[in-house]
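K.L.:
For reference, this is start08.txt, and it has compact mmCIF, C-alpha atoms.
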# COMPACT_ATOMS: atom_id res chain seq x y z
CA MET P 1343 140.12 123.13 100.10
CA GLN P 1344 140.09 122.20 103.77
CA ASN P 1345 141.75 125.49 104.70
CA ASP P 1346 139.95 127.65 102.19
CA HIS P 1347 137.91 130.13 104.23
CA THR P 1348 136.54 131.93 101.15
CA TYR P 1349 133.26 130.11 101.65
CA ASP P 1350 132.89 130.67 105.38
CA ASP P 1351 130.89 133.84 104.89
CA LYS P 1352 128.71 132.43 102.15
CA THR P 1353 125.10 131.78 102.94
CA ASP P 1354 123.72 128.26 102.65
CA GLU P 1355 121.86 129.27 99.51
CA GLU P 1356 125.06 130.60 97.93
CA LEU P 1357 126.87 127.39 98.83
CA VAL P 1358 124.11 125.37 97.17
CA ALA P 1359 124.51 127.45 94.00
CA HIS P 1360 128.30 126.96 94.07
CA THR P 1361 127.91 123.22 94.63
CA LEU P 1362 125.62 122.91 91.64
CA SER P 1363 128.31 124.42 89.42
CA ASP P 1364 131.23 122.70 91.18
CA PRO P 1365 130.46 119.46 93.08
CA ASN P 1366 133.68 119.77 95.10
CA ARG P 1367 132.12 122.73 96.94
CA TYR P 1368 129.69 120.32 98.53
CA GLU P 1369 132.30 119.68 101.19
CA TYR P 1370 131.67 123.15 102.60
CA ILE P 1371 127.99 122.42 103.09
CA MET P 1372 128.84 119.11 104.75
CA ALA P 1373 131.46 120.73 106.98
CA ARG P 1374 128.91 123.33 108.09
CA TYR P 1375 126.18 120.83 108.92
CA GLU P 1376 128.06 117.71 109.98
CA PRO P 1377 128.41 118.57 113.69
CA LYS P 1378 124.85 119.94 113.97
CA LEU P 1379 123.25 116.99 112.21
CA MET P 1380 125.38 114.44 114.05
CA ARG P 1381 124.23 115.93 117.36
CA TYR P 1382 120.61 116.01 116.17
CA VAL P 1383 120.62 112.41 114.91
CA LEU P 1384 122.16 111.19 118.18
CA ARG P 1385 119.54 113.13 120.14
CA LEU P 1386 116.74 111.57 118.13
CA ALA P 1387 117.52 107.91 118.66
CA ALA P 1388 119.68 105.30 120.31
CA PHE P 1389 122.19 105.09 117.47
CA SER P 1390 125.72 103.88 117.96
CA LYS P 1391 128.38 106.23 116.61
CA GLU P 1392 128.78 103.97 113.53
CA GLU P 1393 125.04 103.91 112.90
CA ALA P 1394 124.85 107.68 113.24
CA ASP P 1395 127.74 107.99 110.75
CA ASP P 1396 125.77 105.87 108.28
CA VAL P 1397 122.62 107.96 108.78
CA LEU P 1398 124.60 111.13 108.23
CA GLN P 1399 126.32 109.75 105.16
CA GLU P 1400 122.97 108.80 103.62
CA THR P 1401 121.62 112.23 104.59
CA PHE P 1402 124.42 113.98 102.74
CA ILE P 1403 124.09 111.77 99.67
CA LYS P 1404 120.29 112.32 99.54
CA THR P 1405 120.78 116.05 100.04
CA TYR P 1406 123.27 116.15 97.18
CA GLN P 1407 121.01 114.16 94.87
CA ASN P 1408 118.09 116.50 95.62
CA LEU P 1409 119.94 119.83 95.63
CA ASN P 1410 117.93 121.01 92.63
CA GLU P 1411 114.72 120.44 94.57
CA TYR P 1412 115.80 122.84 97.30
CA ASP P 1413 113.44 125.81 97.29
CA ARG P 1414 114.94 129.12 98.39
CA SER P 1415 111.68 130.11 100.06
CA PHE P 1416 112.62 127.58 102.78
CA LYS P 1417 115.57 127.79 105.14
CA PHE P 1418 118.24 125.40 103.89
CA SER P 1419 118.86 124.26 107.47
CA SER P 1420 115.19 123.20 107.84
CA TRP P 1421 115.41 121.31 104.58
CA ILE P 1422 118.57 119.38 105.48
CA TYR P 1423 117.28 118.73 109.02
CA ARG P 1424 114.14 117.24 107.46
CA ILE P 1425 116.24 114.90 105.32
CA ALA P 1426 118.29 113.91 108.37
CA HIS P 1427 115.11 113.35 110.40
CA ASN P 1428 113.63 111.13 107.67
CA GLU P 1429 116.87 109.17 107.31
CA ALA P 1430 117.02 108.62 111.07
CA VAL P 1431 113.40 107.43 111.14
CA ASN P 1432 114.05 105.11 108.16
CA ALA P 1433 117.16 103.70 109.82
CA LEU P 1434 115.24 103.06 113.05
CA ARG P 1435 112.50 101.34 111.09
CA LYS P 1436 115.03 99.10 109.33
CA MET P 1437 116.64 98.29 112.67
CA ASN P 1438 113.18 97.73 114.16
CA ARG P 1439 114.13 99.88 117.11
CA LEU P 1440 112.30 102.53 119.10
CA PRO P 1441 113.68 106.01 119.69
CA ARG P 1442 115.52 106.12 122.95
CA THR P 1443 114.81 108.26 125.92
CA ILE P 1444 116.89 111.40 125.98
CA GLU P 1445 120.20 111.19 127.83
CA SER P 1446 120.06 112.64 131.31
CA LYS P 1447 122.60 115.34 130.39
CA GLU P 1448 120.25 116.48 127.64
CA GLN P 1449 117.20 116.03 129.82
CA GLU P 1450 118.76 118.58 132.14
CA LEU P 1451 119.21 120.97 129.23
CA ILE P 1452 115.62 120.47 128.01
CA MET P 1453 114.40 120.84 131.54
CA GLU P 1454 116.21 124.14 132.09
CA ARG P 1455 114.95 125.61 128.84
CA LEU P 1456 111.47 124.22 129.32
CA ALA P 1457 111.41 125.48 132.86
CA GLY P 1458 112.36 128.91 131.55
CA SER P 1459 109.49 128.78 129.07
CA LEU P 1460 107.14 127.61 131.79
CA ASP P 1461 108.35 130.27 134.22
CA LEU P 1462 109.17 127.56 136.72
CA GLU P 1463 112.79 128.35 137.53
CA HIS P 1464 112.05 129.28 141.09
CA GLU P 1465 110.12 126.09 141.68
CA LEU P 1466 112.74 123.94 140.02
CA ASP P 1467 115.33 125.06 142.48
CA ASN P 1468 113.61 122.56 144.62
CA LYS P 1469 115.45 119.28 144.01
CA LEU P 1470 112.30 117.21 144.32
CA HIS P 1471 110.71 119.06 141.40
CA ARG P 1472 113.81 118.63 139.25
CA GLU P 1473 113.81 114.88 139.77
CA GLN P 1474 110.10 114.68 139.06
CA LEU P 1475 110.55 116.57 135.80
CA LEU P 1476 113.42 114.33 134.75
CA LYS P 1477 111.31 111.22 135.36
CA ALA P 1478 108.39 112.77 133.47
CA LEU P 1479 110.63 113.56 130.48
CA GLU P 1480 111.70 109.94 130.28
CA LYS P 1481 108.08 108.82 130.01
CA LEU P 1482 107.09 111.33 127.34
CA ASP P 1483 105.59 110.05 124.02
CA GLY P 1484 107.95 109.97 121.01
CA LYS P 1485 106.06 112.62 119.02
CA TYR P 1486 106.40 115.02 121.94
CA ARG P 1487 110.06 114.20 122.36
CA ASP P 1488 110.69 115.08 118.68
CA VAL P 1489 109.29 118.59 119.12
CA LEU P 1490 111.00 119.06 122.47
CA VAL P 1491 114.38 118.11 120.96
CA LEU P 1492 113.88 120.57 118.10
CA LYS P 1493 112.49 123.33 120.28
CA PHE P 1494 114.61 123.12 123.41
CA LEU P 1495 117.84 121.42 122.26
CA GLU P 1496 118.15 122.50 118.63
CA GLU P 1497 116.44 125.80 119.49
CA LYS P 1498 114.40 125.88 116.29
CA SER P 1499 111.48 128.25 115.79
CA TYR P 1500 107.91 126.96 115.32
CA GLU P 1501 108.18 127.67 111.57
CA GLU P 1502 111.43 125.73 111.31
CA ILE P 1503 109.99 122.78 113.26
CA SER P 1504 106.95 122.91 110.97
CA ASP P 1505 109.22 122.66 107.90
CA ILE P 1506 111.39 119.91 109.41
CA LEU P 1507 108.56 117.67 110.61
CA LYS P 1508 106.18 118.66 107.76
CA LYS P 1509 103.42 119.62 110.14
CA PRO P 1510 101.39 122.85 110.24
CA VAL P 1511 102.76 125.53 112.57
CA GLY P 1512 99.56 125.32 114.64
CA THR P 1513 100.05 121.58 115.09
CA VAL P 1514 103.64 122.15 116.22
CA GLY P 1515 102.35 124.64 118.80
CA THR P 1516 99.72 122.16 119.92
CA LEU P 1517 102.30 119.37 120.22
CA ILE P 1518 104.59 121.56 122.32
CA ASN P 1519 101.69 122.62 124.54
CA ARG P 1520 100.56 119.02 124.93
CA ALA P 1521 104.12 117.97 125.73
CA ARG P 1522 104.16 120.60 128.49
CA LYS P 1523 100.74 119.48 129.68
CA GLN P 1524 101.76 115.84 129.69
CA LEU P 1525 104.86 116.78 131.65
CA PHE P 1526 102.75 118.59 134.24
CA GLU P 1527 100.36 115.65 134.50
CA LYS P 1528 103.21 113.19 134.93
CA ILE P 1529 104.84 115.41 137.53
CA ASN P 1530 101.58 115.71 139.46
CA HIS P 1531 101.06 111.95 139.18
CA GLU P 1532 104.43 111.19 140.74
CA MET M 105 134.93 106.89 110.97
CA ASN M 106 135.79 110.38 112.19
CA ASN M 107 133.96 113.54 111.20
CA SER M 108 136.06 114.38 108.17
CA SER M 109 135.97 110.78 107.02
CA ILE M 110 132.18 111.09 106.66
CA ARG M 111 132.72 113.96 104.24
CA GLU M 112 135.54 112.17 102.45
CA ASN M 113 133.44 109.04 102.16
CA VAL M 114 130.45 110.96 100.80
CA LEU M 115 132.61 112.73 98.18
CA LYS M 116 134.25 109.41 97.28
CA GLN M 117 130.88 107.74 96.84
CA ILE M 118 129.61 110.65 94.76
CA LYS M 119 132.58 110.25 92.42
CA GLU M 120 132.70 106.44 92.33
CA ARG M 121 128.96 105.93 91.90
CA GLY M 122 128.69 108.86 89.50
CA ILE M 123 125.99 110.46 91.70
CA GLU M 124 124.71 113.75 90.31
CA PRO M 125 122.02 116.14 91.48
CA THR M 126 118.72 115.14 89.87
CA ALA M 127 117.89 117.59 87.07
CA ARG M 128 115.72 120.52 88.13
CA TRP M 129 113.22 119.90 85.34
CA LYS M 130 112.37 116.52 86.87
CA PHE M 131 111.31 118.19 90.11
CA VAL M 132 109.40 120.85 88.16
CA VAL M 133 107.56 118.14 86.19
CA LYS M 134 106.83 116.15 89.37
CA ASN M 135 105.50 119.19 91.22
CA SER M 136 103.48 120.38 88.21
CA ALA M 137 102.01 116.89 87.78
CA LEU M 138 100.95 116.86 91.43
CA TRP M 139 99.26 120.24 91.13
CA MET M 140 97.64 119.16 87.87
CA ILE M 141 96.20 116.02 89.50
CA ALA M 142 95.00 118.11 92.46
CA PHE M 143 93.41 120.67 90.13
CA ILE M 144 91.73 118.03 87.94
CA SER M 145 90.43 116.20 91.02
CA PHE M 146 89.09 119.44 92.45
CA ALA M 147 87.47 120.33 89.12
CA ALA M 148 85.88 116.87 89.01
CA GLY M 149 84.64 117.53 92.56
CA MET M 150 83.04 120.80 91.40
CA LEU M 151 81.31 119.02 88.51
CA ALA M 152 80.10 116.36 90.96
CA VAL M 153 78.64 119.09 93.22
CA SER M 154 76.79 120.70 90.31
CA THR M 155 75.40 117.31 89.21
CA LEU M 156 74.56 116.39 92.80
CA ILE M 157 72.53 119.61 93.12
CA HIS M 158 70.82 118.97 89.77
CA THR M 159 69.95 115.33 90.45
CA THR M 160 68.73 116.15 93.96
CA ASN M 161 66.63 118.99 92.60
CA ILE M 162 64.84 116.95 89.93
CA ILE M 163 63.92 114.04 92.20
CA ASP M 164 60.14 113.63 92.50
CA TRP M 165 60.07 113.39 96.27
CA ASP M 166 56.26 113.00 96.30
CA VAL M 167 55.98 109.69 94.38
CA TYR M 168 56.90 107.62 97.45
CA LYS M 169 53.24 106.68 97.95
CA TYR M 170 53.10 104.93 94.55
CA LEU M 171 56.17 102.90 95.42
CA GLY M 172 54.86 101.64 98.74
CA ARG M 173 57.47 103.55 100.70
CA SER M 174 57.38 106.05 103.52
CA TYR M 175 58.68 109.53 102.70
CA ALA M 176 61.83 108.99 104.77
CA GLU M 177 62.45 105.60 103.17
CA HIS M 178 61.97 107.06 99.69
CA ALA M 179 64.29 109.97 100.44
CA ALA M 180 66.94 107.57 101.76
CA ILE M 181 66.68 105.39 98.62
CA VAL M 182 66.59 108.08 95.92
CA PHE M 183 69.29 110.37 97.32
CA PRO M 184 71.98 110.60 94.57
CA TYR M 185 74.65 108.66 96.50
CA PHE M 186 76.47 108.06 93.24
CA TRP M 187 77.36 111.74 92.88
CA PHE M 188 78.08 112.03 96.56
CA ALA M 189 80.56 109.14 96.20
CA VAL M 190 82.14 110.75 93.11
CA LEU M 191 82.48 113.98 95.08
CA ALA M 192 84.02 112.18 98.06
CA ILE M 193 86.51 110.25 95.89
CA PHE M 194 87.78 113.28 93.98
CA THR M 195 87.95 115.64 96.94
CA THR M 196 89.84 113.02 98.96
CA LEU M 197 92.23 112.57 96.04
CA ALA M 198 92.67 116.36 95.70
CA TYR M 199 93.31 116.63 99.45
CA ALA M 200 95.80 113.73 99.47
CA VAL M 201 97.73 115.14 96.52
CA MET M 202 97.79 118.69 97.89
CA ARG M 203 99.14 117.39 101.19
CA ILE M 204 102.20 115.96 99.42
CA THR M 205 103.00 119.08 97.43
CA LYS M 206 105.96 121.15 98.63
CA THR M 207 103.99 123.37 100.99
CA GLY M 208 100.86 121.26 101.47
CA TYR M 209 101.78 120.30 105.04
CA ARG M 210 101.68 123.96 106.11
CA HIS M 211 97.88 123.96 106.11
CA THR M 212 95.82 122.12 108.69
CA LYS M 213 93.27 119.46 107.77
CA LEU M 214 90.52 121.76 109.05
CA ALA M 215 91.72 124.64 106.84
CA PHE M 216 91.74 122.30 103.83
CA ILE M 217 88.24 121.03 104.62
CA VAL M 218 86.68 124.46 105.29
CA ALA M 219 88.33 126.17 102.28
CA GLY M 220 87.70 123.16 100.05
CA MET M 221 84.02 122.85 101.02
CA PHE M 222 83.47 126.56 100.52
CA ALA M 223 85.14 126.55 97.09
CA LEU M 224 83.30 123.38 96.04
CA ILE M 225 79.90 124.70 97.09
CA VAL M 226 80.39 128.11 95.45
CA ALA M 227 81.90 126.77 92.22
CA GLY M 228 79.57 123.75 92.07
CA SER M 229 76.51 125.98 92.52
CA GLY M 230 77.79 128.32 89.81
CA LEU M 231 78.24 125.41 87.42
CA TYR M 232 74.75 124.15 88.32
CA VAL M 233 73.22 127.53 87.46
CA LEU M 234 75.07 127.40 84.13
CA GLY M 235 73.41 124.05 83.43
CA THR M 236 76.57 121.92 83.74
CA GLY M 237 75.00 119.47 86.19
CA GLU M 238 72.04 118.88 83.89
CA TYR M 239 74.33 118.44 80.89
CA ILE M 240 76.46 115.84 82.70
CA ASP M 241 73.38 113.98 83.99
CA ASP M 242 71.77 113.92 80.53
CA THR M 243 74.95 112.94 78.71
CA ILE M 244 75.76 110.04 81.03
CA SER M 245 72.11 108.94 80.95
CA GLU M 246 72.30 108.77 77.17
CA TYR M 247 75.35 106.53 77.08
CA SER M 248 75.18 104.46 80.26
CA SER M 249 72.42 102.03 81.07
CA PHE M 250 74.16 101.36 84.40
CA TYR M 251 73.66 105.00 85.35
CA THR M 252 69.97 105.08 84.43
CA GLN M 253 69.37 102.03 86.62
CA LEU M 254 70.73 103.75 89.73
CA PRO M 255 68.02 104.26 92.40
CA HIS M 256 68.10 108.06 92.15
CA HIS M 257 67.69 108.14 88.38
CA LYS M 258 64.33 109.27 87.07
CA ILE M 259 64.30 106.62 84.33
CA ASN M 260 64.57 104.00 87.07
CA ILE M 261 61.86 105.68 89.22
CA TRP M 262 59.52 106.34 86.28
CA SER M 263 59.79 102.92 84.63
CA ARG M 264 57.45 101.08 86.99
CA PRO M 265 54.07 100.83 85.20
CA GLU M 266 52.93 98.18 87.68
CA ALA M 267 53.29 100.82 90.41
CA GLY M 268 51.53 103.44 88.31
CA LEU M 269 54.64 105.30 87.15
CA LEU M 270 55.53 105.40 83.45
CA SER M 271 57.64 107.64 81.25
CA GLY M 272 58.71 107.95 77.63
CA THR M 273 58.22 109.87 74.40
CA ILE M 274 54.83 110.65 72.80
CA THR M 275 55.01 109.05 69.35
CA ARG M 276 51.46 109.48 67.98
CA ILE M 277 48.24 111.26 68.87
CA ILE M 278 45.43 108.79 68.31
CA SER M 279 42.42 110.88 69.42
CA ASN M 280 41.47 113.56 71.92
CA ASN M 281 41.84 111.11 74.78
CA GLU M 282 44.40 108.61 73.48
CA PHE M 283 48.05 108.77 72.44
CA LYS M 284 50.94 106.41 71.85
CA LEU M 285 54.05 106.46 74.03
CA GLU M 286 57.39 104.69 73.66
CA ASP M 287 59.02 104.07 77.05
CA PHE M 288 62.79 104.17 77.65
CA SER M 289 63.14 100.42 77.07
CA GLY M 290 61.56 100.83 73.60
CA HIS M 291 58.20 99.31 74.53
CA ASN M 292 55.12 100.95 72.93
CA TRP M 293 52.10 101.85 75.04
CA THR M 294 48.61 103.08 74.30
CA ILE M 295 47.84 105.79 76.80
CA GLU M 296 44.22 106.34 77.67
CA GLU M 297 43.39 109.68 79.20
CA GLY M 298 40.80 109.78 81.95
CA ASP M 299 40.39 112.88 84.04
CA VAL M 300 43.93 114.02 83.37
CA ARG M 301 45.82 116.74 85.18
CA TRP M 302 48.48 118.19 82.89
CA ARG M 303 51.20 119.71 85.04
CA ARG M 304 52.75 123.03 83.96
CA GLY M 305 55.46 122.47 81.37
CA SER M 306 54.01 119.23 80.01
CA SER M 307 52.55 119.19 76.51
CA ARG M 308 50.57 116.77 74.36
CA LYS M 309 52.83 116.92 71.32
CA ILE M 310 54.61 114.24 69.31
CA GLY M 311 58.24 113.97 70.35
CA THR M 312 57.63 115.30 73.85
CA LYS M 313 59.06 113.34 76.78
CA VAL M 314 56.64 112.98 79.70
CA LYS M 315 56.18 111.29 83.07
CA LEU M 316 52.83 109.66 83.70
CA ILE M 317 51.01 108.68 86.88
CA GLY M 318 48.11 106.28 86.44
CA LEU M 319 47.14 102.65 86.22
CA GLN M 320 48.47 99.82 84.06
CA LEU M 321 45.56 97.95 82.51
CA ASN M 322 47.61 95.36 80.66
CA GLU M 323 51.01 94.99 78.99
CA ASN M 324 50.24 97.64 76.40
CA ILE M 325 47.59 99.95 77.87
CA PHE M 326 48.10 102.53 80.60
CA VAL M 327 45.37 104.85 81.92
CA VAL M 328 46.87 108.20 82.87
CA ASN M 329 45.67 110.56 85.63
CA GLU M 330 48.53 113.00 85.76
CA VAL M 331 51.14 114.11 83.22
CA ARG M 332 54.37 115.80 84.27
CA PRO M 333 57.11 117.28 82.06
CA TRP M 334 60.19 115.06 81.74
CA VAL M 335 62.59 117.95 82.05
CA ALA M 336 62.24 120.18 85.05
CA THR M 337 64.42 123.25 85.15
CA PRO M 338 63.82 124.79 88.54
CA LEU M 339 66.40 127.55 88.06
CA PRO M 340 66.53 129.74 84.95
CA LYS M 341 69.62 129.01 82.87
CA VAL M 342 72.14 131.72 82.19
CA LYS M 343 72.24 132.34 78.46
So that I can check it, write out the structure of this file as structure tokens.

P.N.:
Amino acid sequence: MQNDHTYDDKTDEELVAHTLSDPNRYEYIMARYEPKLMRYVLRLAAFSKEEADDVLQETFIKTYQNLNEYDRSFKFSSWIYRIAHNEAVNALRKMNRLPRTIESKEQELIMERLAGSLDLEHELDNKLHREQLLKALEKLDGKYRDVLVLKFLEEKSYEEISDILKKPVGTVGTLINRARKQLFEKINHE
Amino acid sequence: MNNSSIRENVLKQIKERGIEPTARWKFVVKNSALWMIAFISFAAGMLAVSTLIHTTNIIDWDVYKYLGRSYAEHAAIVFPYFWFAVLAIFTTLAYAVMRITKTGYRHTKLAFIVAGMFALIVAGSGLYVLGTGEYIDDTISEYSSFYTQLPHHKINIWSRPEAGLLSGTITRIISNNEFKLEDFSGHNWTIEEGDVRWRRGSSRKIGTKVKLIGLQLNENIFVVNEVRPWVATPLPKVK
């Protein structure tokens, strides 16, 4: 099964249908999403590798249990990201821990993409501005970090973020704009 | 645990614990139940709006002077808060349930409030015109003494003979200027007519329910100055 590429070209929705008739096909869904979700979960919070494994395992079990609830009018990826997000938040709550600040490597990535969206590339060539933006990102509120991770690291659309975080599209837009605004304010404060 | 061991472990757990996808019908039932609760709550909200309009409309705003109140004080006391509370409870429930349906989160709170208010006002007004509000008010009044004792209720307002406000059913015509009236607590009164103003819609017939403004002479005799019909139907009913 590991080397069976028959399912590589199948859409997520087709894989769900196959899994419902043959549970062994679930491995193909997991193989497709494991790296993406592992990266996402690690970006969301300060999990150790073992903790992230547990979150992912629970995510896959919950997804499997609820496969019949999956509605084809949604993107499967948004649906499974939502489950992963909820599992990560639940795990953090159980561990009584706050989400971490984003690793500096990822801050750089967010910064570059954010800078592109803000039309600030030319300004960010200036090292001083880059450092200011990095510091500002570290101080950003958790709710803003969630949308920034989804928008600028996972590169999800507003609609997808809306479905993952269960917030209206307009609210997602507002959160992203506020995150940008808060970044500007923090930069100007520095 | 490496990447593939997560998958292996999940598949192992699925087999060992006998985990199966929850049956689709269970999700269908859950979702249908949510929509049903939301619909019923919204319908209850519409009925509350129609009854709120009716009860507000039949309040005798001008009797404040007999009750020793200012107009503003009277208005603040007799506003049908009960129906406003019923409306608030059911619309909040409808909103909360709709938010947890599959796509409920896609709409903003403002959109819910504006669309909900609009629908409630339109549908509630329609039901009021059809007489639903009056029917609900009358039916609950018939079976609940708690309801008739609420400050907005006309039985409560018009059962204060000491303040000059009395109501009930005409049970006997004694003479041209005297009749018998049984109030809503079952007490019998002799009503003496002085210079009486009979408001439009009120009639001096046995079995007719009326509201009286006047003066209580003793425990059994009330001198009336003004007679109003018990039932006021400000809007024509749709047949």

K.L.:
Give as a VMD selection string every residue of chain P that touches chain M within 6 Å, counting only C-alpha atoms.

P.N.:
chain P and resid 1406 to 1410 1508 to 1510

K.L.:
So which residues touch Thr159 in chain M within 8 Å, counting only C-alpha atoms, skipping near sequence neighbours fewer than 5 positions away, as a ChimeraX atom specification?

P.N.:
/M:184,237-238,241,256-257

K.L.:
One number please: CA of Ala137 in chain M to CA of Val190 in chain M, in Å, one decimal.

P.N.:
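Separation of CA of Ala137 in chain M and CA of Val190 in chain M: 21.5 Å.
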
K.L.:
Considering all atoms listed in the file, return as a PyMOL selection string whatever protein or nucleic-acid residues lie within 12 Å of range 1400-1405 of chain P, sequence-local ones (same chain, fewer than 2 positions apart) excluded.

P.N.:
(chain P and resi 1358+1361-1362+1365+1368-1376+1379-1380+1383+1393-1398+1407-1412+1418-1433) or (chain M and resi 110-119+121-126)

K.L.:
Please, what distance in Å, to one decimal, runs between CA of Phe250 in chain M and CA of Phe183 in chain M?

P.N.:
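Computed distance, CA of Phe250 in chain M to CA of Phe183 in chain M, equals 16.5 Å.
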
K.L.:
What does the structure give for the distance between CA of Leu214 in chain M and CA of Ser1499 in chain P, in Å to one decimal?

P.N.:
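Going from CA of Leu214 in chain M over to CA of Ser1499 in chain P, I get 23.0 Å.
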
K.L.:
Would you pick out the contacts of range 139-153 of chain M at 8 Å or less, using all atoms listed in the file, so that residues sharing its chain but fewer than 6 positions from it are not included, and give the list as a list in words?

P.N.:
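Returned residues: Trp187, Phe188, Val190, Leu191, Ala192, Phe194, Thr195, Leu197, Ala198, Tyr199, Val201, Met202, Thr205, Leu224, Ile225, Ala227, Gly228, Ser229, Leu231, Thr236 and Gly237 of chain M.
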
K.L.:
Give as a list of chain:residue names every residue, naming chains and numbers as the document does, that has an atom within 12 Å of (61.0, 115.7, 91.2), counting all atoms listed in the file.

P.N.:
M:His158, M:Thr159, M:Thr160, M:Asn161, M:Ile162, M:Ile163, M:Asp164, M:Trp165, M:Asp166, M:Val167, M:Tyr168, M:Ala179, M:Val182, M:Phe183, M:His256, M:His257, M:Lys258, M:Ile259, M:Ile261, M:Trp262, M:Lys315, M:Arg332, M:Pro333, M:Trp334, M:Val335, M:Ala336, M:Thr337, M:Pro338

K.L.:
Supply range 1486-1500 of chain P as a PDB file, in the frame of the given file, with N, CA, C and O atoms built in where the input has gaps.

P.N.:
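Wrote rebuild-v4.pdb, looks like this:
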ATOM      1  N   TYR P1486     106.137 113.834 121.119  1.00  0.00           N
ATOM      2  CA  TYR P1486     106.400 115.020 121.940  1.00  0.00           C
ATOM      3  C   TYR P1486     107.898 115.228 122.127  1.00  0.00           C
ATOM      4  O   TYR P1486     108.376 116.351 122.187  1.00  0.00           O
ATOM      5  N   ARG P1487     108.609 114.082 122.198  1.00  0.00           N
ATOM      6  CA  ARG P1487     110.060 114.200 122.360  1.00  0.00           C
ATOM      7  C   ARG P1487     110.671 114.854 121.130  1.00  0.00           C
ATOM      8  O   ARG P1487     111.563 115.688 121.233  1.00  0.00           O
ATOM      9  N   ASP P1488     110.171 114.486 119.927  1.00  0.00           N
ATOM     10  CA  ASP P1488     110.690 115.080 118.680  1.00  0.00           C
ATOM     11  C   ASP P1488     110.612 116.609 118.728  1.00  0.00           C
ATOM     12  O   ASP P1488     111.572 117.296 118.406  1.00  0.00           O
ATOM     13  N   VAL P1489     109.430 117.119 119.115  1.00  0.00           N
ATOM     14  CA  VAL P1489     109.290 118.590 119.120  1.00  0.00           C
ATOM     15  C   VAL P1489     110.102 119.213 120.243  1.00  0.00           C
ATOM     16  O   VAL P1489     110.641 120.310 120.083  1.00  0.00           O
ATOM     17  N   LEU P1490     110.209 118.504 121.362  1.00  0.00           N
ATOM     18  CA  LEU P1490     111.000 119.060 122.470  1.00  0.00           C
ATOM     19  C   LEU P1490     112.485 119.145 122.099  1.00  0.00           C
ATOM     20  O   LEU P1490     113.149 120.133 122.408  1.00  0.00           O
ATOM     21  N   VAL P1491     112.978 118.093 121.397  1.00  0.00           N
ATOM     22  CA  VAL P1491     114.380 118.110 120.960  1.00  0.00           C
ATOM     23  C   VAL P1491     114.617 119.293 120.032  1.00  0.00           C
ATOM     24  O   VAL P1491     115.573 120.053 120.198  1.00  0.00           O
ATOM     25  N   LEU P1492     113.701 119.468 119.065  1.00  0.00           N
ATOM     26  CA  LEU P1492     113.880 120.570 118.100  1.00  0.00           C
ATOM     27  C   LEU P1492     113.723 121.932 118.760  1.00  0.00           C
ATOM     28  O   LEU P1492     114.454 122.872 118.466  1.00  0.00           O
ATOM     29  N   LYS P1493     112.773 122.022 119.678  1.00  0.00           N
ATOM     30  CA  LYS P1493     112.490 123.330 120.280  1.00  0.00           C
ATOM     31  C   LYS P1493     113.532 123.703 121.355  1.00  0.00           C
ATOM     32  O   LYS P1493     114.051 124.808 121.349  1.00  0.00           O
ATOM     33  N   PHE P1494     113.802 122.751 122.242  1.00  0.00           N
ATOM     34  CA  PHE P1494     114.610 123.120 123.410  1.00  0.00           C
ATOM     35  C   PHE P1494     116.074 122.701 123.330  1.00  0.00           C
ATOM     36  O   PHE P1494     116.887 123.193 124.093  1.00  0.00           O
ATOM     37  N   LEU P1495     116.417 121.761 122.412  1.00  0.00           N
ATOM     38  CA  LEU P1495     117.840 121.420 122.260  1.00  0.00           C
ATOM     39  C   LEU P1495     118.404 122.038 120.984  1.00  0.00           C
ATOM     40  O   LEU P1495     119.475 122.618 120.994  1.00  0.00           O
ATOM     41  N   GLU P1496     117.664 121.902 119.882  1.00  0.00           N
ATOM     42  CA  GLU P1496     118.150 122.500 118.630  1.00  0.00           C
ATOM     43  C   GLU P1496     117.752 123.972 118.534  1.00  0.00           C
ATOM     44  O   GLU P1496     118.221 124.680 117.638  1.00  0.00           O
ATOM     45  N   GLU P1497     116.891 124.399 119.416  1.00  0.00           N
ATOM     46  CA  GLU P1497     116.440 125.800 119.490  1.00  0.00           C
ATOM     47  C   GLU P1497     115.892 126.318 118.161  1.00  0.00           C
ATOM     48  O   GLU P1497     116.251 127.402 117.698  1.00  0.00           O
ATOM     49  N   LYS P1498     115.030 125.499 117.550  1.00  0.00           N
ATOM     50  CA  LYS P1498     114.400 125.880 116.290  1.00  0.00           C
ATOM     51  C   LYS P1498     113.096 126.635 116.579  1.00  0.00           C
ATOM     52  O   LYS P1498     112.441 126.391 117.604  1.00  0.00           O
ATOM     53  N   SER P1499     112.739 127.514 115.634  1.00  0.00           N
ATOM     54  CA  SER P1499     111.480 128.250 115.790  1.00  0.00           C
ATOM     55  C   SER P1499     110.313 127.323 115.395  1.00  0.00           C
ATOM     56  O   SER P1499     110.538 126.256 114.812  1.00  0.00           O
ATOM     57  N   TYR P1500     109.089 127.757 115.695  1.00  0.00           N
ATOM     58  CA  TYR P1500     107.910 126.960 115.320  1.00  0.00           C
ATOM     59  C   TYR P1500     107.877 126.721 113.809  1.00  0.00           C
ATOM     60  O   TYR P1500     107.543 125.643 113.344  1.00  0.00           O
TER      61      TYR P1500
END
